[in-house]
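Peer 1: Please find coords_29.txt (compact mmCIF, C-alpha atoms) on the next line:
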```txt
# COMPACT_ATOMS: atom_id res chain seq x y z
CA MET A 96 -154.00 40.66 -218.75
CA ARG A 97 -154.31 42.62 -215.59
CA ILE A 98 -157.43 40.67 -214.57
CA LEU A 99 -155.67 37.38 -215.25
CA ASN A 100 -152.77 38.37 -213.00
CA ARG A 101 -155.17 39.46 -210.33
CA LYS A 102 -157.01 36.09 -210.49
CA LYS A 103 -153.73 34.21 -210.35
CA LEU A 104 -152.67 36.28 -207.38
CA LEU A 105 -155.99 35.63 -205.57
CA ASN A 106 -155.75 31.91 -206.37
CA LEU A 107 -152.16 31.83 -205.12
CA ILE A 108 -153.20 33.57 -201.86
CA PHE A 109 -156.17 31.20 -201.48
CA VAL A 110 -154.04 28.08 -202.07
CA THR A 111 -151.36 29.37 -199.70
CA ALA A 112 -154.00 30.05 -197.03
CA ILE A 113 -155.45 26.55 -197.46
CA VAL A 114 -152.02 24.90 -197.32
CA GLY A 115 -151.15 27.00 -194.23
CA LEU A 116 -154.42 26.00 -192.54
CA ILE A 117 -153.81 22.31 -193.30
CA MET A 118 -150.26 22.55 -191.91
CA PHE A 119 -151.53 24.34 -188.79
CA LEU A 120 -154.16 21.66 -188.16
CA ALA A 121 -151.66 18.86 -188.76
CA LEU A 122 -149.12 20.36 -186.37
CA ASN A 123 -151.78 21.11 -183.77
CA SER A 124 -153.12 17.56 -183.96
CA SER A 125 -149.69 15.98 -183.62
CA SER A 126 -148.72 18.24 -180.72
CA CYS A 127 -151.97 17.37 -178.92
CA GLN A 128 -151.23 13.67 -179.33
CA LEU A 129 -147.70 14.20 -178.08
CA PHE A 130 -149.01 16.11 -175.07
CA LYS A 131 -151.50 13.34 -174.29
CA LYS A 132 -148.71 10.75 -174.39
CA LYS A 133 -146.58 12.84 -172.03
CA ALA A 134 -149.53 13.37 -169.71
CA ALA A 135 -150.28 9.66 -169.70
CA SER A 136 -146.67 8.82 -168.89
CA GLY A 137 -146.74 11.50 -166.17
CA GLU A 138 -149.79 9.86 -164.62
CA THR A 139 -147.99 6.53 -164.64
CA THR A 140 -145.04 8.10 -162.87
CA ALA A 141 -147.34 9.79 -160.36
CA GLU A 142 -149.10 6.48 -159.76
CA SER A 143 -145.80 4.68 -159.22
CA ILE A 144 -144.71 7.36 -156.75
CA LYS A 145 -147.97 6.97 -154.85
CA THR A 146 -147.50 3.19 -154.84
CA ALA A 147 -143.95 3.55 -153.52
CA GLU A 148 -145.14 5.92 -150.78
CA THR A 149 -147.91 3.52 -149.84
CA LYS A 150 -145.39 0.68 -149.59
CA LYS A 151 -143.16 2.80 -147.33
CA GLU A 152 -146.14 3.59 -145.10
CA GLU A 153 -147.12 -0.07 -144.97
CA LYS A 154 -143.55 -1.12 -144.11
CA LYS A 155 -142.98 1.47 -141.39
CA GLU A 156 -145.54 0.80 -138.75
CA PHE A 157 -145.11 2.94 -135.68
CA GLY A 158 -144.16 0.88 -132.64
CA PRO A 159 -145.39 1.22 -129.07
CA THR A 160 -144.26 4.34 -127.23
CA PHE A 161 -142.90 4.92 -123.77
CA ASP A 162 -143.38 8.43 -122.43
CA LEU A 163 -140.66 9.40 -119.97
CA GLY A 164 -142.54 12.59 -119.18
CA GLU A 165 -141.00 15.95 -118.33
CA ILE A 166 -137.40 16.11 -117.25
CA ILE A 167 -135.91 19.25 -115.73
CA VAL A 168 -132.12 19.53 -115.65
CA ASN A 169 -129.51 22.17 -114.91
CA LEU A 170 -127.42 22.81 -118.00
CA SER A 171 -123.65 23.12 -118.16
CA ASP A 172 -123.56 26.80 -119.15
CA GLU A 173 -120.68 28.63 -117.46
CA GLY A 174 -121.27 31.84 -115.59
CA GLN A 175 -125.04 31.58 -115.41
CA ALA A 176 -127.61 29.15 -114.07
CA ARG A 177 -129.67 27.79 -116.95
CA TYR A 178 -132.02 24.88 -117.06
CA ALA A 179 -133.95 22.84 -119.61
CA LYS A 180 -137.40 21.38 -119.26
CA MET A 181 -137.93 18.66 -121.85
CA SER A 182 -140.54 16.01 -122.50
CA VAL A 183 -138.99 12.79 -123.79
CA ALA A 184 -140.68 9.82 -125.45
CA PHE A 185 -139.36 6.65 -127.08
CA GLU A 186 -140.65 4.55 -129.94
CA LEU A 187 -139.97 0.93 -129.02
CA LYS A 188 -139.43 -2.20 -131.05
CA ASP A 189 -142.45 -4.12 -129.73
CA GLU A 190 -144.80 -4.59 -126.77
CA LYS A 191 -142.34 -6.93 -125.03
CA MET A 192 -139.76 -4.13 -124.96
CA LEU A 193 -142.35 -1.75 -123.53
CA LYS A 194 -142.63 -3.87 -120.38
CA GLU A 195 -138.83 -4.06 -120.04
CA VAL A 196 -138.39 -0.31 -120.45
CA GLU A 197 -141.14 0.33 -117.89
CA LYS A 198 -139.29 -1.89 -115.38
CA MET A 199 -136.05 0.01 -116.01
CA ASP A 200 -137.64 3.48 -115.83
CA PRO A 201 -135.20 4.82 -113.19
CA LEU A 202 -132.17 3.70 -115.21
CA VAL A 203 -133.56 5.18 -118.44
CA ARG A 204 -134.42 8.43 -116.67
CA ASP A 205 -130.91 8.60 -115.16
CA ILE A 206 -129.28 8.15 -118.58
CA VAL A 207 -131.40 10.92 -120.08
CA VAL A 208 -130.78 13.31 -117.16
CA GLU A 209 -127.03 12.64 -117.30
CA LEU A 210 -126.80 13.30 -121.04
CA LEU A 211 -129.04 16.38 -120.95
CA SER A 212 -127.27 17.99 -118.00
CA GLY A 213 -123.93 17.70 -119.80
CA GLU A 214 -125.15 20.00 -122.59
CA SER A 215 -125.17 23.78 -122.82
CA SER A 216 -128.31 25.77 -123.58
CA GLU A 217 -126.87 26.63 -126.99
CA LYS A 218 -126.49 22.94 -127.87
CA ILE A 219 -129.97 22.07 -126.62
CA LEU A 220 -131.47 24.81 -128.78
CA SER A 221 -129.51 23.76 -131.90
CA LEU A 222 -131.47 21.32 -134.05
CA SER A 223 -128.42 19.43 -135.33
CA THR A 224 -126.97 19.01 -131.82
CA ARG A 225 -130.35 17.94 -130.52
CA ASN A 226 -130.54 15.23 -133.20
CA ASP A 227 -127.07 14.05 -132.16
CA LEU A 228 -128.26 14.01 -128.55
CA LYS A 229 -131.23 11.83 -129.53
CA LYS A 230 -128.84 9.32 -131.13
CA ARG A 231 -126.62 9.25 -128.04
CA ILE A 232 -129.63 8.72 -125.76
CA MET A 233 -130.88 5.89 -127.96
CA GLU A 234 -127.44 4.21 -128.00
CA ARG A 235 -126.95 4.50 -124.23
CA VAL A 236 -130.43 3.21 -123.42
CA ASN A 237 -130.11 0.33 -125.88
CA GLU A 238 -126.79 -0.73 -124.26
CA ASN A 239 -128.84 -1.82 -121.25
CA PHE A 240 -131.07 -4.23 -123.18
CA THR A 241 -130.19 -7.53 -124.80
CA GLU A 242 -132.05 -6.46 -127.94
CA GLY A 243 -132.30 -2.89 -129.20
CA ALA A 244 -135.44 -1.64 -127.54
CA VAL A 245 -135.50 2.00 -128.63
CA MET A 246 -136.14 2.72 -132.30
CA GLN A 247 -136.46 6.52 -132.03
CA VAL A 248 -136.22 9.25 -129.41
CA PHE A 249 -138.60 12.20 -129.45
CA PHE A 250 -138.36 15.51 -127.64
CA THR A 251 -142.01 16.51 -127.56
CA ASN A 252 -141.42 19.70 -125.61
CA VAL A 253 -138.24 21.75 -125.18
CA LEU A 254 -137.91 24.78 -122.95
CA VAL A 255 -134.58 26.39 -122.06
CA GLN A 256 -134.38 29.21 -119.57
```
Just give me the structure of the file as C-alpha cells.
Peer 2:
Amino acid sequence: MRILNRKKLLNLIFVTAIVGLIMFLALNSSSCQLFKKKAASGETTAESIKTAETKKEEKKEFGPTFDLGEIIVNLSDEGQARYAKMSVAFELKDEKMLKEVEKMDPLVRDIVVELLSGESSEKILSLSTRNDLKKRIMERVNENFTEGAVMQVFFTNVLVQ
C-alpha cells in the first residue's frame, strides 16, 4: 500500500509539473504575441510622428534673411553707463521683401536702435523680455511695409556691459 501511495504521489507531481509547464508555455506565448502587437502599434505611431514632423519641415521653409549686423546702443540703466552690442537678423517673407528692406536699411536700423536703447541691461539679459522685444521690433518694422515683410527676428549675438 505504501508503494501504491508513493506511485500515486509521483504521478500527481509529474502531472502537476506537466500541467504547470503547459500553462507557462501558453502564457508565455500569448504574452509574446501581445508584446509584438504593442510593438507593431508603437512603430506605427512612431512612423506617423515622423511623417508629421516631415510635413512640418516641408511646410516651414526658411525665407531669405536680412542681416542688420552689429548694433551698439547705450541702455537705459539708471546710475551707471551700460551698453549692449547685439547682432540682429530678420527672416523675410520672400525675395521681393528683401530688396525693400535693403532700401529701407536706415529706417529699420533706427527702429531697432530706438527699441534697444529704451531697455535696461536686466531686460536685455532676460530671455522672456528679449522675446517680447523681438515681437515689438517685428511689429514696428512691419508697420513700414504694405505687406508684412519680417517673419522672425533673431539676435545672433548679445553682449551687455
Peer 1: When you draw a straight line from atom CA of A:Lys198 to atom CA of A:Gly213, how long is it in Å?
Peer 2: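 Result for atom CA of A:Lys198 versus atom CA of A:Gly213: 25.3 Å, one decimal.
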Peer 1: From the options A:Asp162, A:Asp189, A:Asp227, A:Asp172, which residue's atoms come nearest to A:Ala244, counting all atoms listed in the file?
Peer 2: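 The answer is A:Asp189, which sits nearest to A:Ala244.
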Peer 1: Counting all atoms listed in the file, select every polymer residue within 12 Å of (-142.8, 16.6, -132.4) as defined in the file's coordinates, and provide the selection as a list in words.
Peer 2: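 Within 12 Å of (-142.8, 16.6, -132.4), the protein and nucleic acid residues are Met181, Ser182, Val183, Ala184, Phe185, Gln247, Val248, Phe249, Phe250, Thr251, Asn252 and Val253 of chain A.
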Peer 1: Would you mind reading off the distance between atom CA of A:Val245 and atom CA of A:Arg225, one decimal, in Å?
Peer 2: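 So the answer is 16.9 Å.
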Peer 1: May I ask for the distance between atom CA of A:Asn169 and atom CA of A:Ser212, given in Å to one decimal place?
Peer 2: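 Going from atom CA of A:Asn169 over to atom CA of A:Ser212, I get 5.7 Å.
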Peer 1: So, with all atoms listed in the file as the atoms that count, which of A:Leu163, A:Leu222, A:Ala121, A:Leu104 lies closest to A:Pro201?
Peer 2: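 Answer, going by the shortest atom-to-atom distance: A:Leu163.
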Peer 1: Could you check which of A:Met246, A:Phe119, A:Phe109, A:Val255 is closest to A:Glu156, using all atoms listed in the file?
Peer 2: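 Smallest distance to A:Glu156 is found for A:Met246.
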